[in-house]
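Here the structure comes first, spelled out in structure tokens, and everything after it is commentary.
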Amino acid sequence: MGPYTITYFGVRGRCGALRIMMADQGQEWKEILMDFADWTKGDLKASCVFGQLPKFEDGGLVLYQSNAILRHLGRNHDAYGKDGKEAARIDMMCDGVEDLRLKYGKMIYQEYDTGKDQYIKDLPNHLDKFEAVMAKNKTGFLVGDKPSFADYSLFEVLLNHLVLCSSCLDTSPSLKSFVEKMSARPKIKAFLGSDAYKKLPINGNGKP
Ligand code: GDS
């Protein structure tokens, strides 16, 4: 498998979950960091299927769309469930995480000053859906008994929310335990402690 290459801007953004997943799976990858000034010249943008990054290369396969890349990693690294039914539920949970990620992105990029407080107030209504699934599965993961790509995506989005509001998981015991256990997995712990991870801001506009 691989070698993998990610081309993206110098932020965690849409690559946060991918990087954590590759680190946990013991998969090395190469980073091409795109300077925004170079990006605005337009040559790379014109070559991207949707005119956006990340771009992900697995040998000759070139992919765009972060969730498609997560699914590809799920297939390559046996993190897509043990059968079709688990895979379908993992897809469902990944799409649920995407809905939360989009709400978060809208607040960060468009409504930070006017909408942050209300967003935090509403957050329990969104997190309790994931809490219920996590509590019901009882394995410490969303589906099955080992991490899938949806778990990495949820984990990363929860880390971002904890920066936004450090108490946001206080009423979600299963999610809190999930974040603690994922953070303690040796390869994730090493990655989250690395300069490569710590030096990158969460979001492109610098908002936490
Ligand atoms: N669905 C895609 C994925 O999941 O991979 C989204 C990819 C994406 O948004 N890439 C951004 C990009 O390449 C960087 S993430 N931007 C350069 C460009 O468009 O030219 N995205 C919506 C989302 O994440 O769902 C955003 O809100 C991004 N914002 C977050 S940075 C605008 C501006 O300058 O304000 N031209 C671009 C802002 C922007 O891309």
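Numbering starts fresh at 1 for the residues of each chain in the structure tokens, the chains themselves are lettered A, B, ... in the order given, and ligands are numbered from 1 as they appear.
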| request: Just the residues within 7 Å of Gly81 of chain A, please, counting only C-alpha atoms, with nothing from its chain fewer than 2 positions along; format it as a VMD selection string. | output: chain A and resid 79 83 86 to 87 144 148
| task | Could you report the residues within 6 Å of ligand 1, using only C-alpha atoms and all ligand atoms, as an NGL selection string? | result | :A and (13-14 or 52-54 or 64-67 or 102 or 105 or 204)
Dump of N, CA and C atoms for the selected residues, as an mmCIF file, in the first residue's frame:
data_model
loop_
_atom_site.group_PDB
_atom_site.id
_atom_site.type_symbol
_atom_site.label_atom_id
_atom_site.label_comp_id
_atom_site.auth_asym_id
_atom_site.auth_seq_id
_atom_site.Cartn_x
_atom_site.Cartn_y
_atom_site.Cartn_z
ATOM 1 N N GLY A 13 -7.522 21.156 9.256
ATOM 2 C CA GLY A 13 -8.665 21.247 8.347
ATOM 3 C C GLY A 13 -9.200 19.909 7.880
ATOM 4 N N ARG A 14 -9.350 19.772 6.581
ATOM 5 C CA ARG A 14 -9.937 18.574 5.977
ATOM 6 C C ARG A 14 -8.980 17.384 5.963
ATOM 7 N N GLN A 52 -10.386 22.070 -5.490
ATOM 8 C CA GLN A 52 -10.050 22.224 -4.071
ATOM 9 C C GLN A 52 -9.090 21.143 -3.614
ATOM 10 N N LEU A 53 -8.458 21.413 -2.489
ATOM 11 C CA LEU A 53 -7.604 20.446 -1.811
ATOM 12 C C LEU A 53 -8.330 19.948 -0.564
ATOM 13 N N PRO A 54 -7.998 18.779 -0.004
ATOM 14 C CA PRO A 54 -6.813 17.968 -0.266
ATOM 15 C C PRO A 54 -6.871 17.142 -1.556
ATOM 16 N N TYR A 64 -9.738 13.158 -4.625
ATOM 17 C CA TYR A 64 -10.125 14.399 -3.948
ATOM 18 C C TYR A 64 -11.341 14.060 -3.111
ATOM 19 N N GLN A 65 -11.713 14.968 -2.234
ATOM 20 C CA GLN A 65 -12.828 14.822 -1.292
ATOM 21 C C GLN A 65 -12.358 14.011 -0.077
ATOM 22 N N SER A 66 -12.262 14.698 1.053
ATOM 23 C CA SER A 66 -11.673 14.080 2.244
ATOM 24 C C SER A 66 -12.402 12.812 2.693
ATOM 25 N N ASN A 67 -13.722 12.775 2.543
ATOM 26 C CA ASN A 67 -14.434 11.569 3.002
ATOM 27 C C ASN A 67 -14.233 10.390 2.049
ATOM 28 N N LEU A 102 -19.697 20.127 8.932
ATOM 29 C CA LEU A 102 -20.174 21.245 8.105
ATOM 30 C C LEU A 102 -20.742 22.369 8.976
ATOM 31 N N GLY A 105 -17.764 24.042 10.501
ATOM 32 C CA GLY A 105 -17.052 24.860 9.507
ATOM 33 C C GLY A 105 -17.793 26.151 9.199
ATOM 34 N N GLY A 204 -8.139 27.219 8.610
ATOM 35 C CA GLY A 204 -7.402 28.110 7.710
ATOM 36 C C GLY A 204 -7.494 29.579 8.084
#
| query | For Tyr80 of chain A, which residue out of A:Leu61, A:Leu142, A:Ala132, A:Cys48 is the nearest one, using only C-alpha atoms? | reply | A:Leu142
| Per DSSP on the backbone, what are the alpha helix (DSSP H) residues of chain A, as a VMD selection string? | chain A and resid 16 to 24 36 to 41 43 to 47 66 to 76 84 to 110 112 to 137 149 to 164 173 to 184 186 to 192 195 to 198
| request: Give the answer as one residue: which of A:Lys207, A:Ile32, A:Tyr4, A:Thr139 has the shortest atom-to-atom distance to Lys106 of chain A, using only C-alpha atoms? | output: A:Lys207
